[in-house]
Amino acid sequence: MDVHIMKDKAMIIAYVTLFIGIGLLAFTFISAYIFLINNPSITGSSDIIDVFGSSLAPLIGASIRIMYLGVMGWIGSGLMTRGVQLVTQLKRLDRPEFRPRPPPFIKAVEPIRAQETQTDKA
């Protein structure tokens, strides 16, 4: 009975890992979509210092968001991959044809000696 409970717990952990990974990936794509539909405007000015100051702040903010989305997507895909591996491995072990069978009892056999030929007797 304990083995069955452990298999159920392992399957629950596998599915939780899978769904957390899928959730993180979905959140990453939704965040990226919202980020892309926003229209950041870069203001223009006659002074080059004002142009760099006003245009670098949105670029730095965008770079930070892109790195954040990349890390989130990487973690989400890693969790999803591990979840899929766990689920497939646990389902493969539940099938009876993949369970390891104990080796059958093999009894020792006496080696067969070669018979003497006619030429050896002469």
# chains A, B, ... in the order shown; residues from 1 in each chain; ligands from 1

call {"tool": "closest_atom_pairs", "arguments": {"of": "range 18-94 of chain A", "to": "range 4-12 of chain A", "cutoff": "8 Å", "atoms": "only C-alpha atoms", "output": "tab-separated table"}}
result
residue	atom	partner	partner_atom	distance
A:Leu86	CA	A:Met11	CA	7.7
A:Val87	CA	A:Met11	CA	6.6
A:Leu90	CA	A:Met11	CA	7.0

call {"tool": "write_last_selection", "arguments": {"atoms": "N, CA and C atoms", "output": "tab-separated table (two decimals), in the first residue's frame"}}
result
chain	number	residue	atom	x	y	z
A	86	LEU	N	9.11	13.57	-16.02
A	86	LEU	CA	8.63	12.81	-14.86
A	86	LEU	C	7.34	12.06	-15.17
A	87	VAL	N	6.40	12.72	-15.83
A	87	VAL	CA	5.13	12.08	-16.14
A	87	VAL	C	5.34	10.89	-17.06
A	90	LEU	N	7.12	8.01	-15.15
A	90	LEU	CA	6.26	7.32	-14.20
A	90	LEU	C	5.20	6.48	-14.92

call {"tool": "residues_around", "arguments": {"residues": "Gly70 in chain A", "least_positions_apart": "4", "cutoff": "12 Å", "atoms": "only C-alpha atoms", "output": "list in words"}}
result
Leu24, Leu25, Phe27, Thr28, Phe29, Ser31, Ala32, Ser63, Ile64, Arg65, Ile66, Trp74, Ile75, Gly76 and Ser77 of chain A

call {"tool": "write_last_selection", "arguments": {"atoms": "N, CA and C atoms", "output": "tab-separated table (two decimals), in the first residue's frame"}}
result
chain	number	residue	atom	x	y	z
A	24	LEU	N	4.07	29.42	-16.03
A	24	LEU	CA	5.13	30.43	-16.20
A	24	LEU	C	5.32	30.81	-17.67
A	25	LEU	N	5.27	29.82	-18.54
A	25	LEU	CA	5.40	30.13	-19.97
A	25	LEU	C	4.22	30.96	-20.47
A	27	PHE	N	2.36	33.01	-18.67
A	27	PHE	CA	2.52	34.34	-18.11
A	27	PHE	C	3.60	35.13	-18.84
A	28	THR	N	4.68	34.43	-19.22
A	28	THR	CA	5.76	35.09	-19.97
A	28	THR	C	5.25	35.58	-21.31
A	29	PHE	N	4.50	34.76	-22.02
A	29	PHE	CA	4.01	35.17	-23.33
A	29	PHE	C	2.97	36.29	-23.22
A	31	SER	N	2.90	38.53	-20.80
A	31	SER	CA	3.67	39.73	-20.45
A	31	SER	C	4.40	40.30	-21.66
A	32	ALA	N	4.95	39.42	-22.48
A	32	ALA	CA	5.65	39.88	-23.68
A	32	ALA	C	4.69	40.53	-24.65
A	63	SER	N	15.27	46.88	-21.90
A	63	SER	CA	16.29	45.83	-21.78
A	63	SER	C	16.09	45.01	-20.52
A	64	ILE	N	15.76	45.68	-19.42
A	64	ILE	CA	15.52	44.96	-18.17
A	64	ILE	C	14.30	44.05	-18.31
A	65	ARG	N	13.24	44.55	-18.94
A	65	ARG	CA	12.04	43.71	-19.13
A	65	ARG	C	12.33	42.52	-20.03
A	66	ILE	N	13.11	42.74	-21.08
A	66	ILE	CA	13.43	41.64	-21.99
A	66	ILE	C	14.25	40.57	-21.28
A	74	TRP	N	12.92	30.85	-19.71
A	74	TRP	CA	13.91	29.78	-19.54
A	74	TRP	C	13.53	28.88	-18.36
A	75	ILE	N	13.17	29.48	-17.24
A	75	ILE	CA	12.78	28.71	-16.07
A	75	ILE	C	11.48	27.94	-16.35
A	76	GLY	N	10.52	28.60	-17.00
A	76	GLY	CA	9.26	27.93	-17.32
A	76	GLY	C	9.45	26.75	-18.24
A	77	SER	N	10.30	26.90	-19.25
A	77	SER	CA	10.51	25.78	-20.17
A	77	SER	C	11.27	24.65	-19.49

call {"tool": "atom_distance", "arguments": {"atom1": "CA of Thr17 in chain A", "atom2": "CA of Ala62 in chain A"}}
result
29.7 Å

call {"tool": "select_by_dssp", "arguments": {"residues": "range 5-106 of chain A", "states": "alpha helix (DSSP H)", "output": "ChimeraX atom specification"}}
result
/A:5-37,48-94

call {"tool": "residues_around", "arguments": {"residues": "Gly78 in chain A", "least_positions_apart": "3", "cutoff": "12 Å", "atoms": "only C-alpha atoms", "output": "ChimeraX atom specification"}}
result
/A:17-22,24-25,71-75,81-85
